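Participant: Data: data38.txt, compact mmCIF, C-alpha atoms and all ligand atoms.
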# COMPACT_ATOMS: atom_id res chain seq x y z
CA MET B 587 2.26 -0.94 30.69
CA ALA B 588 3.46 -2.73 27.58
CA TYR B 589 1.52 -2.03 24.40
CA PHE B 590 1.62 -5.57 23.09
CA THR B 591 -1.42 -7.55 22.18
CA THR B 592 -1.15 -10.88 23.92
CA ARG B 593 1.88 -12.56 25.44
CA PRO B 594 4.94 -10.31 25.26
CA GLU B 595 6.84 -12.45 27.75
CA ASN B 596 6.95 -15.34 25.26
CA GLY B 597 9.06 -13.84 22.48
CA ARG B 598 7.79 -11.55 19.77
CA HIS B 599 4.24 -11.23 18.61
CA PHE B 600 4.03 -12.04 14.87
CA LEU B 601 2.41 -9.03 13.21
CA GLN B 602 1.66 -10.50 9.79
CA ILE B 603 -1.21 -8.31 8.72
CA PRO B 604 -0.54 -6.42 5.48
CA GLY B 605 0.08 -3.21 7.37
CA PRO B 606 0.99 -1.90 9.82
CA THR B 607 4.06 -4.08 9.39
CA ASN B 608 6.93 -4.95 11.70
CA VAL B 609 9.13 -1.94 12.40
CA PRO B 610 12.88 -2.74 12.41
CA ASP B 611 14.73 -2.05 15.67
CA ARG B 612 16.93 0.47 13.88
CA VAL B 613 13.87 2.47 12.90
CA LEU B 614 12.44 2.28 16.44
CA ARG B 615 15.75 3.61 17.77
CA ALA B 616 15.59 6.52 15.33
CA LEU B 617 12.13 7.43 16.64
CA ASP B 618 13.57 7.49 20.15
CA ASN B 619 15.49 10.76 19.71
CA PRO B 620 14.66 14.12 21.27
CA THR B 621 11.98 16.00 19.39
CA MET B 622 13.49 19.08 17.78
CA ASP B 623 12.32 22.62 17.07
CA HIS B 624 10.60 22.27 13.72
CA ARG B 625 11.34 25.93 12.93
CA GLY B 626 14.95 25.84 14.12
CA PRO B 627 18.04 25.70 11.89
CA ASP B 628 18.69 21.96 12.30
CA PHE B 629 15.24 21.01 11.18
CA GLY B 630 15.70 22.43 7.69
CA ILE B 631 18.68 20.11 7.18
CA LEU B 632 16.62 17.06 8.13
CA GLY B 633 13.59 18.25 6.16
CA LYS B 634 15.57 18.83 2.98
CA ARG B 635 17.32 15.51 3.33
CA VAL B 636 14.19 13.36 3.74
CA LEU B 637 12.21 15.27 1.09
CA GLU B 638 15.04 14.51 -1.37
CA LYS B 639 15.78 10.98 -0.19
CA VAL B 640 12.17 9.81 -0.44
CA LYS B 641 11.95 10.58 -4.18
CA PRO B 642 13.73 7.47 -5.57
CA VAL B 643 11.33 5.16 -3.72
CA PHE B 644 8.52 6.70 -5.78
CA GLY B 645 10.65 6.65 -8.93
CA THR B 646 10.38 10.40 -9.29
CA THR B 647 12.59 13.45 -9.44
CA GLY B 648 9.62 15.72 -8.69
CA PRO B 649 8.23 16.86 -5.34
CA VAL B 650 6.80 14.51 -2.72
CA VAL B 651 4.47 16.08 -0.16
CA ILE B 652 4.57 14.50 3.32
CA TYR B 653 1.53 14.76 5.61
CA PRO B 654 1.27 13.90 9.32
CA ALA B 655 -1.70 11.64 8.53
CA SER B 656 -2.66 8.09 7.66
CA GLY B 657 -2.99 7.01 4.04
CA THR B 658 -6.64 8.06 3.95
CA GLY B 659 -5.51 11.68 4.30
CA ALA B 660 -3.26 11.36 1.27
CA TRP B 661 -6.21 9.93 -0.74
CA GLU B 662 -8.19 13.04 0.14
CA ALA B 663 -5.25 15.31 -0.64
CA ALA B 664 -4.89 13.81 -4.14
CA LEU B 665 -8.56 14.44 -4.92
CA VAL B 666 -9.04 17.90 -3.40
CA ASN B 667 -5.87 19.35 -4.91
CA THR B 668 -6.61 18.31 -8.48
CA LEU B 669 -10.41 18.24 -8.96
CA SER B 670 -13.50 20.45 -8.84
CA PRO B 671 -17.04 19.86 -7.54
CA GLY B 672 -19.03 17.59 -9.86
CA ASP B 673 -16.01 16.28 -11.77
CA THR B 674 -16.30 12.77 -13.15
CA VAL B 675 -13.59 10.34 -12.04
CA LEU B 676 -13.07 6.86 -13.45
CA MET B 677 -12.43 4.49 -10.54
CA CYS B 678 -11.40 0.84 -10.78
CA GLU B 679 -13.31 -1.03 -8.11
CA THR B 680 -10.75 -3.77 -7.46
CA GLY B 681 -11.65 -4.41 -3.81
CA TRP B 682 -12.38 -2.85 -0.43
CA PHE B 683 -9.76 -0.09 -0.52
CA ALA B 684 -10.82 1.02 -4.00
CA HIS B 685 -14.40 1.00 -2.69
CA LEU B 686 -13.50 3.23 0.29
CA TRP B 687 -11.72 5.67 -2.00
CA GLN B 688 -14.79 5.79 -4.23
CA GLU B 689 -17.04 6.54 -1.22
CA MET B 690 -14.68 9.36 -0.26
CA ALA B 691 -14.86 10.78 -3.79
CA GLU B 692 -18.67 10.78 -3.57
CA ARG B 693 -18.63 12.51 -0.18
CA LEU B 694 -16.34 15.17 -1.62
CA GLY B 695 -18.87 15.93 -4.36
CA LEU B 696 -17.17 14.09 -7.22
CA GLN B 697 -18.97 11.72 -9.58
CA PRO B 698 -17.23 8.37 -9.65
CA ARG B 699 -17.80 6.19 -12.69
CA LEU B 700 -17.01 2.61 -11.62
CA LEU B 701 -15.25 -0.15 -13.47
CA GLU B 702 -16.10 -3.19 -11.39
CA THR B 703 -14.20 -6.45 -11.03
CA ASP B 704 -14.97 -9.70 -9.21
CA TRP B 705 -12.31 -8.81 -6.58
CA ARG B 706 -10.19 -11.71 -7.87
CA ARG B 707 -8.13 -9.70 -10.32
CA ALA B 708 -6.66 -6.23 -10.69
CA ALA B 709 -7.81 -3.21 -12.71
CA ASP B 710 -9.30 -4.10 -16.11
CA VAL B 711 -7.04 -2.19 -18.50
CA PRO B 712 -9.04 -2.76 -21.73
CA ALA B 713 -12.14 -1.50 -19.88
CA ILE B 714 -10.25 1.66 -18.86
CA GLU B 715 -9.21 2.22 -22.47
CA ALA B 716 -12.77 1.64 -23.73
CA ALA B 717 -14.24 4.05 -21.16
CA LEU B 718 -11.74 6.74 -22.11
CA ARG B 719 -12.28 6.24 -25.86
CA ALA B 720 -16.05 6.55 -25.34
CA ASP B 721 -15.57 9.80 -23.40
CA LYS B 722 -15.31 12.05 -26.46
CA GLY B 723 -16.10 15.20 -24.49
CA HIS B 724 -13.32 14.51 -21.95
CA GLU B 725 -15.69 14.61 -18.99
CA ILE B 726 -13.47 12.18 -17.08
CA LYS B 727 -10.95 14.31 -15.21
CA ALA B 728 -9.02 11.55 -13.45
CA VAL B 729 -8.45 7.81 -13.56
CA CYS B 730 -8.03 6.36 -10.05
CA VAL B 731 -6.32 3.01 -9.53
CA VAL B 732 -5.19 1.18 -6.40
CA HIS B 733 -1.81 -0.31 -7.37
CA ASN B 734 -1.84 -3.10 -4.78
CA GLU B 735 -5.38 -3.90 -3.61
CA THR B 736 -4.68 -4.95 -0.04
CA SER B 737 -8.08 -6.60 0.44
CA THR B 738 -7.57 -9.14 -2.38
CA GLY B 739 -3.83 -9.42 -2.99
CA CYS B 740 -4.11 -8.31 -6.62
CA THR B 741 -1.64 -5.84 -8.13
CA SER B 742 -2.65 -3.62 -11.05
CA ARG B 743 -0.33 -3.00 -14.00
CA ILE B 744 0.14 0.77 -13.87
CA ASP B 745 2.46 0.71 -16.91
CA GLU B 746 -0.39 -0.83 -18.91
CA VAL B 747 -2.91 1.66 -17.54
CA ARG B 748 -0.64 4.48 -18.76
CA ARG B 749 -0.36 2.90 -22.22
CA ALA B 750 -4.15 2.53 -22.40
CA MET B 751 -4.64 6.21 -21.49
CA ASP B 752 -2.11 7.24 -24.13
CA ALA B 753 -3.67 4.94 -26.73
CA ALA B 754 -7.05 6.56 -26.06
CA GLY B 755 -5.45 10.00 -26.36
CA HIS B 756 -7.28 11.06 -23.20
CA PRO B 757 -6.00 13.96 -21.04
CA ALA B 758 -7.32 12.69 -17.65
CA LEU B 759 -4.97 12.73 -14.69
CA LEU B 760 -3.73 9.37 -13.37
CA LEU B 761 -4.02 9.01 -9.57
CA VAL B 762 -2.53 5.86 -8.04
CA ASP B 763 -2.75 4.51 -4.47
CA THR B 764 0.53 2.75 -3.59
CA ILE B 765 -0.14 2.62 0.16
CA SER B 766 0.60 -1.12 0.38
CA SER B 767 3.05 -1.43 -2.52
CA LEU B 768 5.57 1.37 -2.15
CA GLY B 769 8.92 -0.05 -1.09
CA SER B 770 7.71 -3.61 -1.73
CA ILE B 771 6.65 -3.82 -5.38
CA GLU B 772 8.32 -2.10 -8.32
CA TYR B 773 6.86 1.34 -8.96
CA ARG B 774 7.86 4.19 -11.31
CA HIS B 775 5.95 7.45 -10.87
CA ASP B 776 7.79 9.40 -13.58
CA GLU B 777 8.24 6.64 -16.15
CA TRP B 778 4.60 5.53 -15.92
CA GLY B 779 3.35 9.10 -16.20
CA VAL B 780 1.48 9.05 -12.91
CA ASP B 781 0.16 12.45 -11.79
CA VAL B 782 -0.39 11.79 -8.10
CA THR B 783 1.04 8.81 -6.26
CA ILE B 784 -0.51 8.29 -2.84
CA SER B 785 1.28 6.36 -0.12
CA GLY B 786 1.54 5.74 3.61
CA SER B 787 4.26 4.96 6.11
CA GLN B 788 3.10 1.79 7.83
CA LYS B 789 3.39 -0.86 5.12
CA GLY B 790 6.35 -1.33 2.77
CA LEU B 791 8.22 1.62 4.25
CA MET B 792 8.60 -0.26 7.57
CA LEU B 793 7.49 2.69 9.70
CA PRO B 794 4.73 3.03 12.27
CA PRO B 795 1.46 4.57 11.04
CA GLY B 796 1.41 8.35 10.91
CA LEU B 797 2.92 9.67 7.68
CA SER B 798 1.40 9.76 4.23
CA PHE B 799 2.57 11.02 0.87
CA ASN B 800 1.60 12.59 -2.44
CA ALA B 801 4.20 12.46 -5.22
CA VAL B 802 3.01 15.05 -7.71
CA SER B 803 3.70 15.57 -11.42
CA GLU B 804 3.97 18.99 -13.05
CA LYS B 805 0.62 18.34 -14.69
CA ALA B 806 -0.91 17.71 -11.25
CA VAL B 807 0.55 20.95 -9.89
CA ARG B 808 -0.91 22.80 -12.88
CA ALA B 809 -4.31 21.15 -12.25
CA SER B 810 -4.14 22.28 -8.61
CA GLU B 811 -3.96 25.91 -9.73
CA THR B 812 -7.50 25.76 -11.15
CA ALA B 813 -9.05 22.92 -9.09
CA ARG B 814 -11.95 24.21 -6.97
CA LEU B 815 -12.64 21.55 -4.32
CA PRO B 816 -12.21 23.25 -0.92
CA ARG B 817 -8.92 22.42 0.78
CA SER B 818 -6.84 23.83 3.57
CA PHE B 819 -4.86 21.29 5.61
CA TRP B 820 -4.20 19.24 2.43
CA ASP B 821 -3.29 22.17 0.19
CA TRP B 822 -0.08 21.45 -1.75
CA LYS B 823 0.73 25.09 -2.37
CA PRO B 824 1.94 26.16 1.10
CA MET B 825 3.53 22.70 1.51
CA LEU B 826 5.59 22.97 -1.66
CA ALA B 827 6.57 26.55 -0.83
CA ALA B 828 7.80 25.66 2.67
CA ASN B 829 9.37 22.37 1.55
CA ALA B 830 11.68 24.28 -0.81
CA THR B 831 13.75 25.22 2.25
CA GLY B 832 13.14 21.96 4.14
CA TYR B 833 10.32 23.26 6.34
CA PHE B 834 6.59 22.60 6.67
CA PRO B 835 3.65 25.04 6.96
CA TYR B 836 2.45 23.32 10.17
CA THR B 837 4.12 21.01 12.65
CA PRO B 838 5.39 17.90 10.88
CA ALA B 839 5.60 14.52 12.66
CA THR B 840 9.20 15.27 13.64
CA ASN B 841 10.17 11.90 15.11
CA MET B 842 8.51 10.05 12.25
CA LEU B 843 10.80 11.94 9.90
CA TYR B 844 13.83 10.60 11.81
CA ALA B 845 12.35 7.15 11.33
CA LEU B 846 11.70 7.79 7.64
CA ASP B 847 15.31 8.94 7.20
CA THR B 848 16.52 5.64 8.67
CA ALA B 849 14.04 3.42 6.82
CA LEU B 850 15.05 5.03 3.52
CA ASP B 851 18.71 4.37 4.35
CA MET B 852 17.85 0.71 4.91
CA LEU B 853 15.92 0.41 1.62
CA MET B 854 18.71 2.12 -0.32
CA ALA B 855 21.43 0.01 1.32
CA GLU B 856 19.61 -3.16 0.28
CA GLY B 857 18.90 -1.67 -3.16
CA LEU B 858 15.34 -1.30 -4.44
CA PRO B 859 15.66 -4.09 -7.07
CA ASN B 860 16.79 -6.46 -4.29
CA VAL B 861 13.93 -5.32 -2.05
CA PHE B 862 11.42 -6.08 -4.82
CA ALA B 863 13.04 -9.46 -5.60
CA ARG B 864 12.90 -10.39 -1.90
CA HIS B 865 9.17 -9.67 -1.84
CA ASP B 866 8.57 -11.61 -5.09
CA ARG B 867 10.37 -14.60 -3.64
CA HIS B 868 8.47 -14.60 -0.35
CA ALA B 869 5.18 -14.22 -2.20
CA GLU B 870 5.99 -17.21 -4.44
CA ALA B 871 6.96 -19.31 -1.41
CA THR B 872 3.66 -18.34 0.26
CA ARG B 873 1.59 -19.33 -2.77
CA ARG B 874 3.39 -22.69 -2.91
CA ALA B 875 2.48 -23.27 0.73
CA VAL B 876 -1.17 -22.34 0.06
CA ARG B 877 -1.35 -24.74 -2.90
CA ALA B 878 0.27 -27.53 -0.89
CA TRP B 879 -2.40 -27.03 1.79
CA GLY B 880 -4.96 -27.55 -0.97
CA LEU B 881 -6.34 -24.04 -0.44
CA GLU B 882 -6.94 -21.34 -3.00
CA VAL B 883 -5.35 -17.92 -3.42
CA GLN B 884 -7.94 -15.12 -3.77
CA CYS B 885 -6.13 -13.63 -6.77
CA ALA B 886 -7.23 -15.73 -9.77
CA GLU B 887 -4.95 -14.07 -12.32
CA PRO B 888 -1.23 -15.01 -12.04
CA ARG B 889 -0.17 -11.77 -13.77
CA HIS B 890 -1.83 -9.88 -10.89
CA TYR B 891 -0.36 -11.84 -7.96
CA SER B 892 0.69 -9.44 -5.21
CA SER B 893 4.19 -9.64 -3.80
CA ALA B 894 3.13 -7.74 -0.65
CA LEU B 895 0.41 -10.05 0.67
CA THR B 896 -1.51 -13.21 -0.14
CA ALA B 897 -5.25 -13.51 0.55
CA VAL B 898 -6.24 -17.14 1.10
CA ARG B 899 -9.78 -18.47 0.57
CA LEU B 900 -11.27 -20.83 3.12
CA PRO B 901 -13.20 -23.92 2.00
CA GLU B 902 -16.97 -23.39 1.88
CA GLY B 903 -18.53 -23.60 5.36
CA HIS B 904 -15.36 -22.68 7.26
CA SER B 905 -14.75 -19.39 9.02
CA ALA B 906 -11.62 -17.38 8.28
CA ASN B 907 -12.27 -15.26 11.38
CA ALA B 908 -12.41 -18.34 13.62
CA LEU B 909 -9.12 -19.50 12.09
CA ARG B 910 -7.49 -16.12 12.72
CA ALA B 911 -8.78 -16.07 16.29
CA ALA B 912 -7.37 -19.56 16.93
CA ILE B 913 -3.98 -18.57 15.49
CA LEU B 914 -3.85 -15.42 17.63
CA GLU B 915 -4.84 -17.32 20.75
CA ARG B 916 -2.52 -20.29 20.30
CA PHE B 917 0.46 -18.84 18.43
CA ASP B 918 0.33 -15.10 19.10
CA MET B 919 0.19 -14.15 15.42
CA SER B 920 -2.07 -11.52 13.83
CA LEU B 921 -3.24 -12.18 10.27
CA GLY B 922 -5.31 -9.84 8.11
CA ASN B 923 -9.09 -10.27 8.11
CA GLY B 924 -11.35 -10.43 5.08
CA LEU B 925 -12.72 -6.97 4.23
CA GLY B 926 -16.16 -6.08 2.91
CA ARG B 927 -17.70 -8.95 0.97
CA LEU B 928 -14.64 -11.10 1.79
CA ASN B 929 -15.28 -10.89 5.56
CA ASP B 930 -14.86 -14.38 7.06
CA ARG B 931 -14.18 -15.81 3.56
CA VAL B 932 -10.44 -15.07 3.37
CA PHE B 933 -7.52 -14.39 5.65
CA ARG B 934 -4.55 -12.35 4.50
CA ILE B 935 -0.88 -13.08 5.07
CA GLY B 936 1.26 -9.95 4.99
CA HIS B 937 4.78 -10.66 3.69
CA LEU B 938 5.90 -7.08 3.16
CA GLY B 939 8.26 -4.68 4.83
CA ALA B 940 10.92 -5.89 7.27
CA PHE B 941 10.71 -9.60 6.57
CA ASN B 942 13.04 -12.51 5.83
CA ASP B 943 12.99 -16.23 5.08
CA LEU B 944 12.67 -17.33 8.67
CA SER B 945 9.96 -14.78 9.46
CA LEU B 946 8.04 -16.26 6.53
CA LEU B 947 8.55 -19.82 7.76
CA GLY B 948 7.41 -18.84 11.26
CA THR B 949 4.35 -17.22 9.73
CA LEU B 950 3.50 -20.20 7.53
CA GLY B 951 4.17 -22.57 10.44
CA GLY B 952 1.62 -20.63 12.51
CA VAL B 953 -0.92 -20.84 9.70
CA GLU B 954 -0.39 -24.57 9.13
CA MET B 955 -0.74 -25.35 12.83
CA GLY B 956 -3.75 -23.03 13.00
CA LEU B 957 -5.51 -24.86 10.15
CA ARG B 958 -5.18 -28.06 12.17
CA VAL B 959 -6.27 -26.45 15.46
CA ALA B 960 -9.30 -24.82 13.84
CA GLY B 961 -10.31 -27.99 12.00
CA VAL B 962 -10.02 -26.51 8.53
CA PRO B 963 -9.65 -29.32 5.97
CA HIS B 964 -6.18 -29.14 4.40
CA GLU B 965 -3.14 -31.18 3.45
CA ALA B 966 0.00 -30.98 5.57
CA GLY B 967 3.20 -29.90 3.83
CA GLY B 968 2.70 -26.21 3.05
CA VAL B 969 5.65 -25.18 5.18
CA LYS B 970 7.77 -27.87 3.55
CA ALA B 971 6.84 -26.62 0.08
CA ALA B 972 7.93 -23.12 1.12
CA MET B 973 11.19 -24.44 2.63
CA ASP B 974 11.96 -26.40 -0.54
CA TYR B 975 11.43 -23.28 -2.62
CA LEU B 976 13.36 -20.92 -0.34
CA SER B 977 16.33 -23.25 0.12
CA GLY B 978 16.50 -23.97 -3.60
CA ASN B 979 16.21 -20.34 -4.72
CA ALA B 980 18.74 -17.92 -3.26
C1 LIG D 1 -3.91 0.60 4.22
C2 LIG D 1 -4.48 1.08 2.94
C3 LIG D 1 -5.24 2.24 2.86
C4 LIG D 1 -5.67 3.02 4.08
O1 LIG D 1 -4.63 3.67 4.67
P1 LIG D 1 -4.76 4.22 6.16
O2 LIG D 1 -3.33 4.49 6.51
O3 LIG D 1 -5.39 3.12 6.97
O4 LIG D 1 -5.58 5.44 6.12
C5 LIG D 1 -5.66 2.67 1.61
N1 LIG D 1 -5.34 1.99 0.50
C6 LIG D 1 -4.63 0.85 0.54
C7 LIG D 1 -4.33 0.14 -0.73
C8 LIG D 1 -4.18 0.36 1.76
O5 LIG D 1 -3.48 -0.78 1.80
Would it be possible to restate this file's structure as structure tokens?
Ligand SMILES: *Cc1c(COP(=O)(O)O)cnc(C)c1O
Facilitator:
Amino acid sequence: MAYFTTRPENGRHFLQIPGPTNVPDRVLRALDNPTMDHRGPDFGILGKRVLEKVKPVFGTTGPVVIYPASGTGAWEAALVNTLSPGDTVLMCETGWFAHLWQEMAERLGLQPRLLETDWRRAADVPAIEAALRADKGHEIKAVCVVHNETSTGCTSRIDEVRRAMDAAGHPALLLVDTISSLGSIEYRHDEWGVDVTISGSQKGLMLPPGLSFNAVSEKAVRASETARLPRSFWDWKPMLAANATGYFPYTPATNMLYALDTALDMLMAEGLPNVFARHDRHAEATRRAVRAWGLEVQCAEPRHYSSALTAVRLPEGHSANALRAAILERFDMSLGNGLGRLNDRVFRIGHLGAFNDLSLLGTLGGVEMGLRVAGVPHEAGGVKAAMDYLSGNA
């Protein structure tokens, strides 16, 4: 039994959703090693190595907690370790993922205060500053921002969020979701004064789903000492204690740590600035293709364009889901669907993770053919616009 979606005999399926992303063969081979004793002497060597090696990707020298969980688990961990029942949290509602995080906060007994957007731009920094300045009694305990909103393709400026918090002189914690940006878009946990950075394995880190992360500041660790939301599995304290010697308080996802070790080697060998530049370039080529087709990018603010994915709006009266279904059927490519209020209105092209010029051209070729097959009004020449850009810009 092969676990492929459609036609594995005809070359590779194109997995161009914005996560899970394509896993490099080298990483798959690392997974395919014997599972080891997670309490034996060899494990501590591996544990110490990956716990150290993962830090530069977050731009931190502090601890990074690794959970055997999807990104949603790391969202929960960030909240339950730092906050208490009834705490007010300022949440930027930039799209579907920010919305899900807000629902989780409510279920956990927190009181989200929302800063809404039209889902066509990233977090509204002046609004964050105004909300913090108005909060004279410091009721807001945390500001929660999704760095790269995967439902819209808009990237928030975390450096500016930090400056706004400092300008307001507000002591709230800064919690940032980098699940679809880490390892694809520049990010600096320490320099931007982030308290908890949340991430996951299956997007920019080029791994299968199954690991998630909390990078934690000293201020966050201090907050966890008095935070009163119930927590057990997610508790940082036993994690940080065991991690000091390279071990975990419960069974870690051993083989996923082999894969993480290898994926981090690949990112470091390429060099993070080169990784980010590669993503910027593929994102620009994608937007040029979209414009040449005469279609519109969901992100309406060029400063917020995402380098990890592009959400593309369909002309009024045309179905993005029908287009995606046609592309899957005819060309064996998966594209991201529209989420929440964008269902059927947009499709999303993932151009993050293990990805190069020709994978982008294959992807855009599938979209351009799909637009024709599905009868979506467009101009030809998107792929050509991308080729012109890629061949002219090394
Ligand atoms: C994928 C994603 C999530 C959800 O992560 P899971 O691994 O599916 O739990 C949350 N936030 C963002 C920004 C994402 O892209």
Participant: Produce as a PyMOL selection string the set of residues near ligand LIG 1 (chain D), where near means within 7 Å with all atoms listed in the file considered.
Facilitator: chain B and resi 605+656-659+683+732+734-736+763-766+786+795
Participant: Range 779-892 of chain B near range 965-973 of chain B within 7 Å: what's each residue's closest atom pair and its distance in Å to one decimal, counting all atoms listed in the file, ordered by chain then ascending residue number, as JSON lines?
Facilitator:
{"residue": "B:Ala871", "atom": "CA", "partner": "B:Ala972", "partner_atom": "CA", "distance": 4.7}
{"residue": "B:Thr872", "atom": "CA", "partner": "B:Ala972", "partner_atom": "CA", "distance": 6.5}
{"residue": "B:Arg874", "atom": "CA", "partner": "B:Ala971", "partner_atom": "CA", "distance": 6.0}
{"residue": "B:Ala875", "atom": "CA", "partner": "B:Gly968", "partner_atom": "CA", "distance": 3.8}
{"residue": "B:Val876", "atom": "CA", "partner": "B:Gly968", "partner_atom": "CA", "distance": 6.2}
{"residue": "B:Ala878", "atom": "CA", "partner": "B:Gly968", "partner_atom": "CA", "distance": 4.8}
{"residue": "B:Trp879", "atom": "CA", "partner": "B:Glu965", "partner_atom": "CA", "distance": 4.5}
{"residue": "B:Gly880", "atom": "CA", "partner": "B:Glu965", "partner_atom": "CA", "distance": 6.0}
Participant: Using CA of Ile784 in chain B and CA of Asp943 in chain B as the two end points, give the distance in Å to one decimal.
Facilitator: 29.1 Å
Participant: Considering all atoms listed in the file, can you say which of B:Val651, B:Leu850, B:Val898, B:Val609 comes closest to Arg877 in chain B?
Facilitator: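 Among the listed residues, B:Val898 lies closest to Arg877 in chain B.
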Participant: Report as a Markdown table the residues of range 601-719 of chain B within 9 Å of range 742-751 of chain B, each with its shortest atom pair and distance in Å (one decimal), using only C-alpha atoms, ordered by chain and increasing residue number.
Facilitator:
| residue | atom | partner | partner_atom | distance |
| --- | --- | --- | --- | --- |
| B:Thr680 | CA | B:Ser742 | CA | 8.9 |
| B:Arg707 | CA | B:Ser742 | CA | 8.2 |
| B:Ala708 | CA | B:Ser742 | CA | 4.8 |
| B:Ala709 | CA | B:Ser742 | CA | 5.4 |
| B:Asp710 | CA | B:Ser742 | CA | 8.4 |
| B:Val711 | CA | B:Val747 | CA | 5.7 |
| B:Pro712 | CA | B:Ala750 | CA | 7.2 |
| B:Ile714 | CA | B:Ala750 | CA | 7.1 |
| B:Glu715 | CA | B:Ala750 | CA | 5.1 |
| B:Ala716 | CA | B:Ala750 | CA | 8.8 |
| B:Leu718 | CA | B:Met751 | CA | 7.1 |
| B:Arg719 | CA | B:Met751 | CA | 8.8 |
Participant: Write out as lines of an AutoDock Vina configuration file an axis-aligned box for range 661-675 of chain B: all of its atoms listed in the file, 4 Å added on each side, centre and edge lengths in Å with one decimal.
Facilitator:
center_x = -12.0
center_y = 15.2
center_z = -6.5
size_x = 22.1
size_y = 18.5
size_z = 21.3
Participant: Enter the distance from CA of Arg864 in chain B to CA of Ser770 in chain B, in Å, rounded to one decimal.
Facilitator: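 Computing the Euclidean distance for CA of Arg864 in chain B and CA of Ser770 in chain B yields 8.5 Å.
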